[in-house]
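Peer 1: Structure supplied as my_file_0.cif; contents: mmCIF, C-alpha atoms.
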```cif
data_target
#
loop_
_atom_site.label_atom_id
_atom_site.label_comp_id
_atom_site.auth_asym_id
_atom_site.auth_seq_id
_atom_site.Cartn_x
_atom_site.Cartn_y
_atom_site.Cartn_z
CA MET A 24 7.82 -10.71 -6.99
CA THR A 25 4.97 -8.20 -7.36
CA PHE A 26 3.38 -9.20 -4.04
CA ALA A 27 6.77 -9.35 -2.30
CA LEU A 28 7.90 -5.95 -3.55
CA ASN A 29 4.63 -4.06 -3.24
CA HIS A 30 3.30 -5.56 0.00
CA LEU A 31 5.69 -7.78 1.92
CA ALA A 32 8.52 -5.24 1.70
CA TYR A 33 6.27 -2.51 3.22
CA PHE A 34 5.07 -4.92 5.87
CA LEU A 35 8.51 -6.17 6.91
CA LEU A 36 10.35 -2.84 6.79
CA THR A 37 7.62 -1.07 8.75
CA ASN A 38 7.58 -3.76 11.43
CA LEU A 39 11.37 -3.74 11.71
CA LEU A 40 11.38 0.04 12.20
CA LEU A 41 8.34 0.22 14.45
CA ASP A 42 10.09 0.54 17.81
CA THR A 43 12.03 3.53 16.50
CA ILE A 44 8.92 5.03 14.90
CA LYS A 45 6.88 4.67 18.10
CA ALA A 46 9.73 6.18 20.14
CA SER A 47 9.65 9.15 17.74
CA ALA A 48 5.92 9.82 18.18
CA PRO A 49 4.18 11.78 17.02
CA ALA A 50 5.16 10.03 13.80
CA ARG A 51 3.60 9.17 10.45
CA ILE A 52 3.75 6.10 8.24
CA ILE A 53 2.70 6.62 4.62
CA ASN A 54 2.05 3.77 2.20
CA VAL A 55 1.86 4.41 -1.53
CA SER A 56 -0.96 2.39 -3.02
CA SER A 57 -2.80 2.95 -6.30
CA GLY A 58 -6.25 3.35 -7.75
CA ALA A 59 -5.53 -0.08 -9.25
CA HIS A 60 -6.51 -1.50 -5.85
CA SER A 61 -10.14 -1.21 -6.96
CA GLY A 62 -9.65 -4.21 -9.27
CA GLY A 63 -7.74 -6.14 -6.65
CA LYS A 64 -8.72 -9.23 -4.74
CA ILE A 65 -6.91 -10.99 -1.92
CA ASP A 66 -6.83 -14.67 -2.87
CA PHE A 67 -5.09 -16.41 0.00
CA ASP A 68 -4.64 -19.50 -2.18
CA ASN A 69 -2.72 -17.50 -4.82
CA LEU A 70 -1.13 -14.51 -3.05
CA GLN A 71 2.09 -14.69 -5.02
CA GLY A 72 0.57 -15.67 -8.36
CA GLU A 73 1.81 -19.26 -8.29
CA ARG A 74 -1.44 -20.65 -9.72
CA SER A 75 -2.18 -17.92 -12.23
CA TYR A 76 -0.48 -14.68 -13.16
CA SER A 77 -1.20 -11.74 -15.40
CA SER A 78 0.73 -8.50 -15.25
CA PHE A 79 -1.92 -6.07 -14.05
CA GLY A 80 -3.98 -8.35 -11.76
CA PRO A 81 -1.23 -9.01 -9.21
CA TYR A 82 -0.34 -5.30 -9.23
CA GLY A 83 -3.91 -4.37 -8.25
CA ASN A 84 -3.94 -7.14 -5.65
CA SER A 85 -0.71 -5.87 -4.09
CA LYS A 86 -2.01 -2.31 -4.00
CA LEU A 87 -5.18 -3.55 -2.29
CA ALA A 88 -2.87 -5.27 0.22
CA ASN A 89 -1.22 -1.86 0.88
CA ILE A 90 -4.55 -0.38 1.95
CA LEU A 91 -5.53 -3.41 4.04
CA PHE A 92 -2.11 -3.26 5.73
CA THR A 93 -2.57 0.45 6.39
CA THR A 94 -5.99 -0.11 7.96
CA GLU A 95 -4.82 -2.96 10.17
CA LEU A 96 -1.61 -1.22 11.24
CA ALA A 97 -3.56 1.92 12.14
CA ARG A 98 -5.85 -0.20 14.31
CA ARG A 99 -2.92 -1.89 16.03
CA LEU A 100 -1.16 1.44 16.67
CA GLU A 101 -4.15 3.24 18.22
CA GLY A 102 -3.03 5.38 21.13
CA THR A 103 0.69 5.31 20.26
CA GLY A 104 0.90 8.69 18.55
CA VAL A 105 1.77 7.04 15.23
CA THR A 106 -0.58 7.56 12.30
CA VAL A 107 -0.73 5.40 9.18
CA ASN A 108 -2.30 6.42 5.88
CA ALA A 109 -2.25 5.21 2.27
CA LEU A 110 -2.44 7.19 -0.94
CA HIS A 111 -2.86 7.04 -4.69
CA PRO A 112 -0.28 9.30 -6.36
CA GLY A 113 -2.18 9.50 -9.65
CA PHE A 114 -1.03 8.29 -13.03
CA THR A 115 2.56 9.49 -12.84
CA SER A 116 5.37 9.37 -15.39
CA THR A 117 8.07 7.59 -13.41
CA GLY A 118 9.57 5.23 -15.96
CA PHE A 119 7.75 2.32 -14.29
CA GLY A 120 7.60 -0.62 -16.68
CA LYS A 121 10.24 0.78 -19.05
CA ASN A 122 12.24 -2.41 -18.79
CA ASN A 123 9.27 -4.61 -19.75
CA PRO A 124 9.61 -6.09 -23.23
CA GLY A 125 7.04 -5.99 -26.01
CA PHE A 126 5.50 -3.74 -28.58
CA PHE A 127 2.71 -2.52 -26.27
CA MET A 128 5.24 -1.37 -23.67
CA LYS A 129 7.22 0.54 -26.31
CA ILE A 130 4.06 2.40 -27.29
CA MET A 131 3.20 3.04 -23.64
CA GLY A 132 6.74 4.31 -23.05
CA ALA A 133 6.18 6.93 -25.73
CA VAL A 134 2.64 7.90 -24.70
CA VAL A 135 2.88 7.95 -20.89
CA PRO A 136 5.12 11.03 -20.64
CA LEU A 137 2.59 12.94 -22.74
CA ILE A 138 -0.47 12.19 -20.60
CA ALA A 139 0.78 11.34 -17.11
CA ARG A 140 1.54 13.62 -14.17
CA SER A 141 5.07 14.79 -13.56
CA PRO A 142 6.92 13.05 -10.72
CA GLU A 143 6.66 16.31 -8.74
CA LYS A 144 2.86 16.36 -9.09
CA GLY A 145 2.70 12.65 -8.26
CA ALA A 146 4.62 13.30 -5.03
CA GLU A 147 2.28 16.01 -3.74
CA THR A 148 0.00 13.76 -1.69
CA SER A 149 2.96 11.91 -0.15
CA ILE A 150 4.52 15.22 0.88
CA TYR A 151 1.18 16.47 2.19
CA LEU A 152 0.71 13.37 4.35
CA ALA A 153 4.28 13.60 5.65
CA SER A 154 4.22 17.27 6.56
CA SER A 155 0.82 18.92 6.75
CA SER A 156 -0.64 19.87 10.11
CA LYS A 157 -4.07 19.33 8.51
CA VAL A 158 -3.66 15.55 8.74
CA GLN A 159 -2.16 15.42 12.21
CA GLY A 160 -3.97 12.66 14.11
CA ILE A 161 -5.76 11.28 11.03
CA THR A 162 -5.05 7.57 10.65
CA GLY A 163 -6.17 4.54 8.68
CA LYS A 164 -7.36 6.59 5.69
CA TYR A 165 -6.82 6.54 1.92
CA PHE A 166 -5.94 9.80 0.17
CA VAL A 167 -6.18 10.95 -3.44
CA ASN A 168 -5.10 14.48 -4.41
CA CYS A 169 -4.52 15.37 -0.75
CA LYS A 170 -8.10 14.46 0.21
CA VAL A 171 -9.53 11.53 2.15
CA THR A 172 -11.22 9.28 -0.38
CA GLN A 173 -13.25 6.12 0.08
CA PRO A 174 -11.29 3.15 -1.27
CA ALA A 175 -12.96 0.23 -3.05
CA PRO A 176 -15.28 -1.84 -0.83
CA GLN A 177 -12.87 -4.78 -0.63
CA ALA A 178 -10.30 -2.45 0.97
CA ALA A 179 -12.60 -2.01 4.00
CA ASP A 180 -12.82 -5.70 4.93
CA ARG A 181 -11.27 -5.80 8.40
CA THR A 182 -11.43 -9.61 8.58
CA ILE A 183 -9.35 -9.90 5.41
CA ALA A 184 -6.99 -7.19 6.72
CA ARG A 185 -6.36 -9.15 9.93
CA ARG A 186 -5.87 -12.42 8.08
CA LEU A 187 -3.52 -10.77 5.59
CA TRP A 188 -1.53 -9.40 8.53
CA ASP A 189 -1.15 -12.88 10.05
CA VAL A 190 -0.24 -14.52 6.73
CA SER A 191 2.25 -11.73 5.93
CA ALA A 192 3.94 -12.08 9.32
CA GLU A 193 4.27 -15.81 8.74
CA MET A 194 5.61 -15.34 5.20
CA VAL A 195 8.40 -12.98 6.34
CA HIS A 196 9.08 -15.01 9.51
CA LEU A 197 8.28 -12.06 11.72
CA ALA A 198 7.35 -13.24 15.19
CA ASP A 199 7.46 -9.74 16.66
CA ALA A 200 4.93 -8.01 14.38
CA VAL A 201 2.76 -5.47 16.18
CA PRO A 202 0.50 -7.60 18.38
CA GLU A 203 -3.28 -7.40 18.56
CA MET A 204 -4.51 -4.63 20.83
CA ALA A 205 -6.36 -5.89 23.89
#
```
Translate this structure into structure tokens?

Peer 2:
Amino acid sequence: MTFALNHLAYFLLTNLLLDTIKASAPARIINVSSGAHSGGKIDFDNLQGERSYSSFGPYGNSKLANILFTTELARRLEGTGVTVNALHPGFTSTGFGKNNPGFFMKIMGAVVPLIARSPEKGAETSIYLASSSKVQGITGKYFVNCKVTQPAPQAADRTIARRLWDVSAEMVHLADAVPEMA
């Protein structure tokens, strides 16, 4: 479910809306990733955690997939007037994980609000990417605190990004995903 929610949902929804988005150009697509992508790895033999699963590993993998999707979509949309960027909102107190059982999660539930960003602060980079004239025309980048930041090296692998695109399109039965540019 982690991979489906954090990657496949972005992939499918974006592709289903793409004709409308392109017709609205100039337009912006913004994907919320996470600094957790730096520990991620795209294992095509275990994308959905069927072979092995731990709570944080698949989260990092899915957030890496967000950046790879962003990079590949930006490449495919070159010249359309649509930009695509990803961001890390920072450690934000959103209530994420509150429904997870266990003693550790109860402690985290008490500590997180004390040390994490407010939801308003966590939303700043998303709002910046959606509305600032300073990022007009910038595409395929990863932002932290409203600044372009270099993601982890594995997030720059264009071969993996293209393969992930193809596998994702197959997984969601999407024949009309944005085609390769000539």

Peer 1: Looking at all atoms listed in the file, which of A:Ala88, A:Ala50, A:Leu187, A:Ile150 is the one that sits closest to Thr162 of chain A?

Peer 2: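 Nearest to Thr162 of chain A: A:Ala50.
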
Peer 1: On this structure, which residues satisfy the PyMOL selection byres ((chain A and resi 178) around 12), written as a count of residues only?

Peer 2: 41

Peer 1: Nearest residue to Leu152 of chain A out of A:Arg186, A:Arg51, A:His30, A:Arg98, using all atoms listed in the file?

Peer 2: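 Using all atoms listed in the file, the shortest distance to Leu152 of chain A belongs to A:Arg51.
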
Peer 1: Residue by residue, what does the PyMOL selection byres ((chain A and resi 148) around 10) grab here? Present the result as number ranges by chain.

Peer 2: A: 53, 55, 109-113, 144-147, 149-155, 166-170

Peer 1: Write out the residues from the selection above, keeping C-alpha atoms, as a PDB file, in the frame of the given file.

Peer 2:
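Here's the written file part.pdb:
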```
ATOM      1  CA  ILE A  53       2.700   6.620   4.620  1.00  0.00           C
ATOM      2  CA  VAL A  55       1.860   4.410  -1.530  1.00  0.00           C
ATOM      3  CA  ALA A 109      -2.250   5.210   2.270  1.00  0.00           C
ATOM      4  CA  LEU A 110      -2.440   7.190  -0.940  1.00  0.00           C
ATOM      5  CA  HIS A 111      -2.860   7.040  -4.690  1.00  0.00           C
ATOM      6  CA  PRO A 112      -0.280   9.300  -6.360  1.00  0.00           C
ATOM      7  CA  GLY A 113      -2.180   9.500  -9.650  1.00  0.00           C
ATOM      8  CA  LYS A 144       2.860  16.360  -9.090  1.00  0.00           C
ATOM      9  CA  GLY A 145       2.700  12.650  -8.260  1.00  0.00           C
ATOM     10  CA  ALA A 146       4.620  13.300  -5.030  1.00  0.00           C
ATOM     11  CA  GLU A 147       2.280  16.010  -3.740  1.00  0.00           C
ATOM     12  CA  SER A 149       2.960  11.910  -0.150  1.00  0.00           C
ATOM     13  CA  ILE A 150       4.520  15.220   0.880  1.00  0.00           C
ATOM     14  CA  TYR A 151       1.180  16.470   2.190  1.00  0.00           C
ATOM     15  CA  LEU A 152       0.710  13.370   4.350  1.00  0.00           C
ATOM     16  CA  ALA A 153       4.280  13.600   5.650  1.00  0.00           C
ATOM     17  CA  SER A 154       4.220  17.270   6.560  1.00  0.00           C
ATOM     18  CA  SER A 155       0.820  18.920   6.750  1.00  0.00           C
ATOM     19  CA  PHE A 166      -5.940   9.800   0.170  1.00  0.00           C
ATOM     20  CA  VAL A 167      -6.180  10.950  -3.440  1.00  0.00           C
ATOM     21  CA  ASN A 168      -5.100  14.480  -4.410  1.00  0.00           C
ATOM     22  CA  CYS A 169      -4.520  15.370  -0.750  1.00  0.00           C
ATOM     23  CA  LYS A 170      -8.100  14.460   0.210  1.00  0.00           C
TER      24      LYS A 170
END
```

Peer 1: What separation in Å, quoted to one decimal, exists between atom CA of Leu70 of chain A and atom CA of Leu41 of chain A?

Peer 2: 24.8 Å

Peer 1: Distance atom CA of Asn29 of chain A-atom CA of Arg74 of chain A, one decimal place?

Peer 2: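 Atom CA of Arg74 of chain A lies at a distance of 18.8 Å from atom CA of Asn29 of chain A.
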
Peer 1: Could you work out how far atom CA of Leu28 of chain A lies from atom CA of Tyr82 of chain A, giving the answer in Å with one decimal?

Peer 2: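 Separating atom CA of Tyr82 of chain A from atom CA of Leu28 of chain A is a distance of 10.0 Å.
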
Peer 1: Which polymer residues have any atom within 9 Å of an atom of Val195 of chain A, counting all atoms listed in the file, with same-chain residues fewer than 4 positions away left out, as a PDB file with C-alpha atoms, keeping the file's coordinate frame?

Peer 2:
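Below is the file that was written, part.pdb:
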```pdb
ATOM      1  CA  LEU A  31       5.690  -7.780   1.920  1.00  0.00           C
ATOM      2  CA  PHE A  34       5.070  -4.920   5.870  1.00  0.00           C
ATOM      3  CA  LEU A  35       8.510  -6.170   6.910  1.00  0.00           C
ATOM      4  CA  VAL A 190      -0.240 -14.520   6.730  1.00  0.00           C
ATOM      5  CA  SER A 191       2.250 -11.730   5.930  1.00  0.00           C
TER       6      SER A 191
END
```

Peer 1: Exactly which residues make up the result of the PyMOL selection byres ((chain A and resi 197) around 12) on this file, given as a ChimeraX atom specification?

Peer 2: /A:31,34-39,188-196,198-202
